Amino acid sequence: MNGPLLVIFPHPDDEAFSSAGTIIQHHKNGFPVTYVCLTLGEMGRNMGSPIFTTREELPKIRKHELEAACAVMGIDDLRMWGLRDKTVEFEDEAELAARFSALIEEVQPARVISFYPGYAVHPDHEATARAVVRALQDIDASKRPEFLGVAFDHRTDAELGKPHVIIEVAQESAAKREALLAHRSQTEGLLRAIDNAENAHVMELLQRERFYHYPFS
Amino acid sequence: MSRVIVSIGGNRVKSIQPTTIQTYLDAHVSMPLYVHVETTNGAYATHNDPDFHNAGMFIRNVVIEYSIGQIKGEGPYRVGLKLDHGWLYVEGLTDYEQHGDQLLLAGHDRLGRLACALHLDIKPLPQGASEVESQ
């Protein structure tokens, strides 16, 4: 895929788990990557493993982790929108969609990566997905960027079928692992489990990233 | 049950010392305080176990005053604050950090994940955009 990439997720680390390999490939191919991260994951439950932070310090820690992860992935345009974790679904959805429309107009991405509505598990993910799809829906089909939606609800395979786009990221696997590890407060315990081959889901995500196209009307 | 606490950047998350907490609570009777109260099972509890009923709450930067504030229990601890028209109660507290008039109480499970929190401060706790700007 040629052209600028726009990545939109609500929490620092959403991008690393779902799309780090794809992001790194875009960067390697010489295309700019813009990442809008809506919150700082202020309400995350993980305080490090072992614990090294508090609810009040967590946003500062996660902001630094996010910047470090972006450096690993080659994201030079990181925008933090300052919403609060867990509250995205209670914001005005039309207003959020309008902000996304203006963003797309400015960045002119060839491809947009975000969550896929209805299959994104966390309420912040769902709210983000709805607003992104709403903004893209308004664009004429001939001009609309390709949308790659991340779906991981247990119903995904049964209801959406096989992923429409599977991106092989084995070559980027080491860098993806490094991006995940940059989100240390959230991922250190998890990466230990991967090293012990205890988390098949994340091990697979280090090899292949899976996306769905959305059926825009 | 032992808990490994690592401190970085001057942070000091420590196992609760009830006398230290009680001293803070006594010193802040009848004083307007900004409060953050929270309980959580994590956003993925039901995703990971469909039989699990996930529940949680938080309320942030509401101002309270209490006439009696006490910490009870042998650990995990309970804190009750007697308000003019009711109570504030949190159970499951294990660790704390104090910075002058800011007291952060947290309850962590055996994997070190936050289960509950009670924060008190004489100033508003940071929020939204100010967190983005903060270093």
# chains A, B, ... in the order shown; residues from 1 in each chain; ligands from 1

call {"tool": "closest_atom_pairs", "arguments": {"of": "chain A", "to": "chain B", "cutoff": "6 Å", "atoms": "only C-alpha atoms", "output": "JSON lines"}}
result
{"residue": "A:Arg45", "atom": "CA", "partner": "B:Leu114", "partner_atom": "CA", "distance": 4.9}
{"residue": "A:Asn46", "atom": "CA", "partner": "B:Arg113", "partner_atom": "CA", "distance": 4.9}
{"residue": "A:Ile51", "atom": "CA", "partner": "B:Ile5", "partner_atom": "CA", "distance": 5.7}
{"residue": "A:Phe52", "atom": "CA", "partner": "B:Val6", "partner_atom": "CA", "distance": 5.3}
{"residue": "A:Gly82", "atom": "CA", "partner": "B:Ala129", "partner_atom": "CA", "distance": 4.5}
{"residue": "A:Leu83", "atom": "CA", "partner": "B:Gly128", "partner_atom": "CA", "distance": 5.5}
{"residue": "A:Arg84", "atom": "CA", "partner": "B:Gly128", "partner_atom": "CA", "distance": 5.5}

call {"tool": "write_last_selection", "arguments": {"atoms": "N, CA and C atoms", "output": "PDB file, in the first residue's frame"}}
result
ATOM      1  N   ARG A  45      -5.558  -0.874  34.501  1.00  0.00           N
ATOM      2  CA  ARG A  45      -5.511  -1.579  35.790  1.00  0.00           C
ATOM      3  C   ARG A  45      -4.097  -2.024  36.133  1.00  0.00           C
ATOM      4  N   ASN A  46      -3.255  -2.144  35.081  1.00  0.00           N
ATOM      5  CA  ASN A  46      -1.891  -2.615  35.327  1.00  0.00           C
ATOM      6  C   ASN A  46      -1.010  -1.461  35.767  1.00  0.00           C
ATOM      7  N   ILE A  51       4.712  -3.853  40.534  1.00  0.00           N
ATOM      8  CA  ILE A  51       4.094  -2.527  40.586  1.00  0.00           C
ATOM      9  C   ILE A  51       5.160  -1.430  40.658  1.00  0.00           C
ATOM     10  N   PHE A  52       5.074  -0.430  39.772  1.00  0.00           N
ATOM     11  CA  PHE A  52       5.988   0.705  39.915  1.00  0.00           C
ATOM     12  C   PHE A  52       5.309   2.051  39.801  1.00  0.00           C
ATOM     13  N   GLY A  82      -6.218  13.961  24.592  1.00  0.00           N
ATOM     14  CA  GLY A  82      -6.541  14.350  25.960  1.00  0.00           C
ATOM     15  C   GLY A  82      -7.931  13.977  26.450  1.00  0.00           C
ATOM     16  N   LEU A  83      -8.593  13.019  25.791  1.00  0.00           N
ATOM     17  CA  LEU A  83      -9.841  12.495  26.375  1.00  0.00           C
ATOM     18  C   LEU A  83      -9.466  11.588  27.538  1.00  0.00           C
ATOM     19  N   ARG A  84     -10.465  11.210  28.341  1.00  0.00           N
ATOM     20  CA  ARG A  84     -10.153  10.355  29.466  1.00  0.00           C
ATOM     21  C   ARG A  84     -10.590   8.919  29.198  1.00  0.00           C
TER      22      ARG A  84
END

call {"tool": "residues_around", "arguments": {"residues": "segment 18-31 of chain A", "least_positions_apart": "5", "cutoff": "9 Å", "atoms": "only C-alpha atoms", "output": "tab-separated table (two decimals) with C-alpha atoms, in the first residue's frame"}}
result
chain	number	residue	atom	x	y	z
A	1	MET	CA	0.00	0.00	0.00
A	2	ASN	CA	1.37	3.38	-1.01
A	3	GLY	CA	0.64	6.66	0.69
A	4	PRO	CA	0.21	8.19	4.13
A	5	LEU	CA	-1.18	6.09	6.97
A	7	VAL	CA	-3.88	5.32	12.84
A	13	ASP	CA	-0.67	0.15	23.31
A	72	VAL	CA	10.34	2.38	17.67
A	73	MET	CA	7.57	2.23	15.05
A	74	GLY	CA	8.76	5.29	13.13
A	75	ILE	CA	5.66	7.38	13.89
A	113	ILE	CA	-6.41	1.81	10.76
A	150	VAL	CA	-9.29	-4.40	14.01
A	167	ILE	CA	-0.39	-8.62	6.73
A	168	GLU	CA	2.68	-10.80	7.28
A	169	VAL	CA	4.88	-9.04	9.82
A	170	ALA	CA	7.39	-11.76	10.71
A	171	GLN	CA	10.17	-9.49	9.40
A	172	GLU	CA	9.04	-6.77	11.79
A	173	SER	CA	8.47	-9.16	14.68
A	175	ALA	CA	10.63	-4.39	16.32
A	176	LYS	CA	6.99	-5.07	17.16
A	177	ARG	CA	8.07	-6.83	20.33
A	179	ALA	CA	7.19	-1.48	20.58
A	180	LEU	CA	5.08	-3.65	22.88
A	205	LEU	CA	0.10	-11.22	16.50
A	206	LEU	CA	3.90	-11.03	16.26
A	207	GLN	CA	3.69	-12.92	12.94
A	208	ARG	CA	0.49	-11.72	11.28
A	209	GLU	CA	-1.83	-8.72	11.67
A	210	ARG	CA	-5.47	-9.23	10.75
A	211	PHE	CA	-7.91	-6.62	9.52

call {"tool": "residues_around", "arguments": {"residues": "Arg55 of chain A", "least_positions_apart": "5", "cutoff": "8 Å", "atoms": "only C-alpha atoms", "output": "PyMOL selection string"}}
result
(chain A and resi 42-43+47) or (chain B and resi 117)

call {"tool": "write_last_selection", "arguments": {"atoms": "C-alpha atoms", "output": "PDB file, in the first residue's frame"}}
result
ATOM      1  CA  GLU A  42      -5.389   6.790  32.608  1.00  0.00           C
ATOM      2  CA  MET A  43      -7.689   4.083  33.960  1.00  0.00           C
ATOM      3  CA  MET A  47       0.545  -0.595  37.436  1.00  0.00           C
TER       4      MET A  47
ATOM      5  CA  ALA B 117      -8.449   3.248  44.847  1.00  0.00           C
TER       6      ALA B 117
END

call {"tool": "atom_distance", "arguments": {"atom1": "atom CA of Lys123 of chain B", "atom2": "atom CA of Ile64 of chain B"}}
result
12.0 Å

call {"tool": "residues_around", "arguments": {"residues": "Gly189 of chain A", "least_positions_apart": "4", "cutoff": "9 Å", "atoms": "only C-alpha atoms", "output": "ChimeraX atom specification"}}
result
/A:48-50,184-185,193-194

call {"tool": "decode", "arguments": {"residues": "segment 48-65 of chain B", "atoms": "N, CA and C atoms", "output": "mmCIF file, in the first residue's frame"}}
result
data_model
loop_
_atom_site.group_PDB
_atom_site.id
_atom_site.type_symbol
_atom_site.label_atom_id
_atom_site.label_comp_id
_atom_site.auth_asym_id
_atom_site.auth_seq_id
_atom_site.Cartn_x
_atom_site.Cartn_y
_atom_site.Cartn_z
ATOM 1 N N ASN B 48 -12.496 -12.187 28.951
ATOM 2 C CA ASN B 48 -11.654 -13.317 29.343
ATOM 3 C C ASN B 48 -12.456 -14.443 29.974
ATOM 4 N N ASP B 49 -13.572 -14.110 30.620
ATOM 5 C CA ASP B 49 -14.430 -15.126 31.249
ATOM 6 C C ASP B 49 -15.879 -14.692 31.091
ATOM 7 N N PRO B 50 -16.598 -15.284 30.096
ATOM 8 C CA PRO B 50 -17.966 -14.843 29.803
ATOM 9 C C PRO B 50 -18.912 -14.969 31.002
ATOM 10 N N ASP B 51 -18.568 -15.820 31.975
ATOM 11 C CA ASP B 51 -19.438 -15.973 33.148
ATOM 12 C C ASP B 51 -19.214 -14.882 34.187
ATOM 13 N N PHE B 52 -18.162 -14.093 33.980
ATOM 14 C CA PHE B 52 -17.827 -13.071 34.972
ATOM 15 C C PHE B 52 -18.684 -11.830 34.744
ATOM 16 N N HIS B 53 -19.332 -11.395 35.820
ATOM 17 C CA HIS B 53 -20.135 -10.166 35.740
ATOM 18 C C HIS B 53 -19.241 -8.992 36.084
ATOM 19 N N ASN B 54 -18.890 -8.198 35.090
ATOM 20 C CA ASN B 54 -17.987 -7.091 35.346
ATOM 21 C C ASN B 54 -18.739 -5.905 35.934
ATOM 22 N N ALA B 55 -18.157 -5.315 36.953
ATOM 23 C CA ALA B 55 -18.739 -4.111 37.549
ATOM 24 C C ALA B 55 -17.598 -3.213 37.978
ATOM 25 N N GLY B 56 -17.837 -1.935 37.958
ATOM 26 C CA GLY B 56 -16.804 -1.004 38.392
ATOM 27 C C GLY B 56 -17.367 0.392 38.424
ATOM 28 N N MET B 57 -16.641 1.301 39.018
ATOM 29 C CA MET B 57 -17.070 2.687 39.046
ATOM 30 C C MET B 57 -15.871 3.570 39.305
ATOM 31 N N PHE B 58 -15.973 4.819 38.865
ATOM 32 C CA PHE B 58 -15.067 5.815 39.422
ATOM 33 C C PHE B 58 -15.789 7.138 39.496
ATOM 34 N N ILE B 59 -15.380 7.935 40.450
ATOM 35 C CA ILE B 59 -15.859 9.310 40.570
ATOM 36 C C ILE B 59 -14.624 10.139 40.894
ATOM 37 N N ARG B 60 -14.468 11.252 40.184
ATOM 38 C CA ARG B 60 -13.191 11.982 40.272
ATOM 39 C C ARG B 60 -13.441 13.465 40.505
ATOM 40 N N ASN B 61 -12.690 14.006 41.429
ATOM 41 C CA ASN B 61 -12.721 15.435 41.731
ATOM 42 C C ASN B 61 -14.071 15.920 42.224
ATOM 43 N N VAL B 62 -14.724 15.094 43.034
ATOM 44 C CA VAL B 62 -15.876 15.553 43.801
ATOM 45 C C VAL B 62 -15.326 16.019 45.145
ATOM 46 N N VAL B 63 -15.877 17.108 45.684
ATOM 47 C CA VAL B 63 -15.379 17.645 46.954
ATOM 48 C C VAL B 63 -16.223 17.099 48.108
ATOM 49 N N ILE B 64 -15.536 16.585 49.090
ATOM 50 C CA ILE B 64 -16.210 16.052 50.284
ATOM 51 C C ILE B 64 -15.585 16.669 51.542
ATOM 52 N N GLU B 65 -16.341 16.545 52.640
ATOM 53 C CA GLU B 65 -15.791 16.831 53.975
ATOM 54 C C GLU B 65 -16.280 15.723 54.888
#
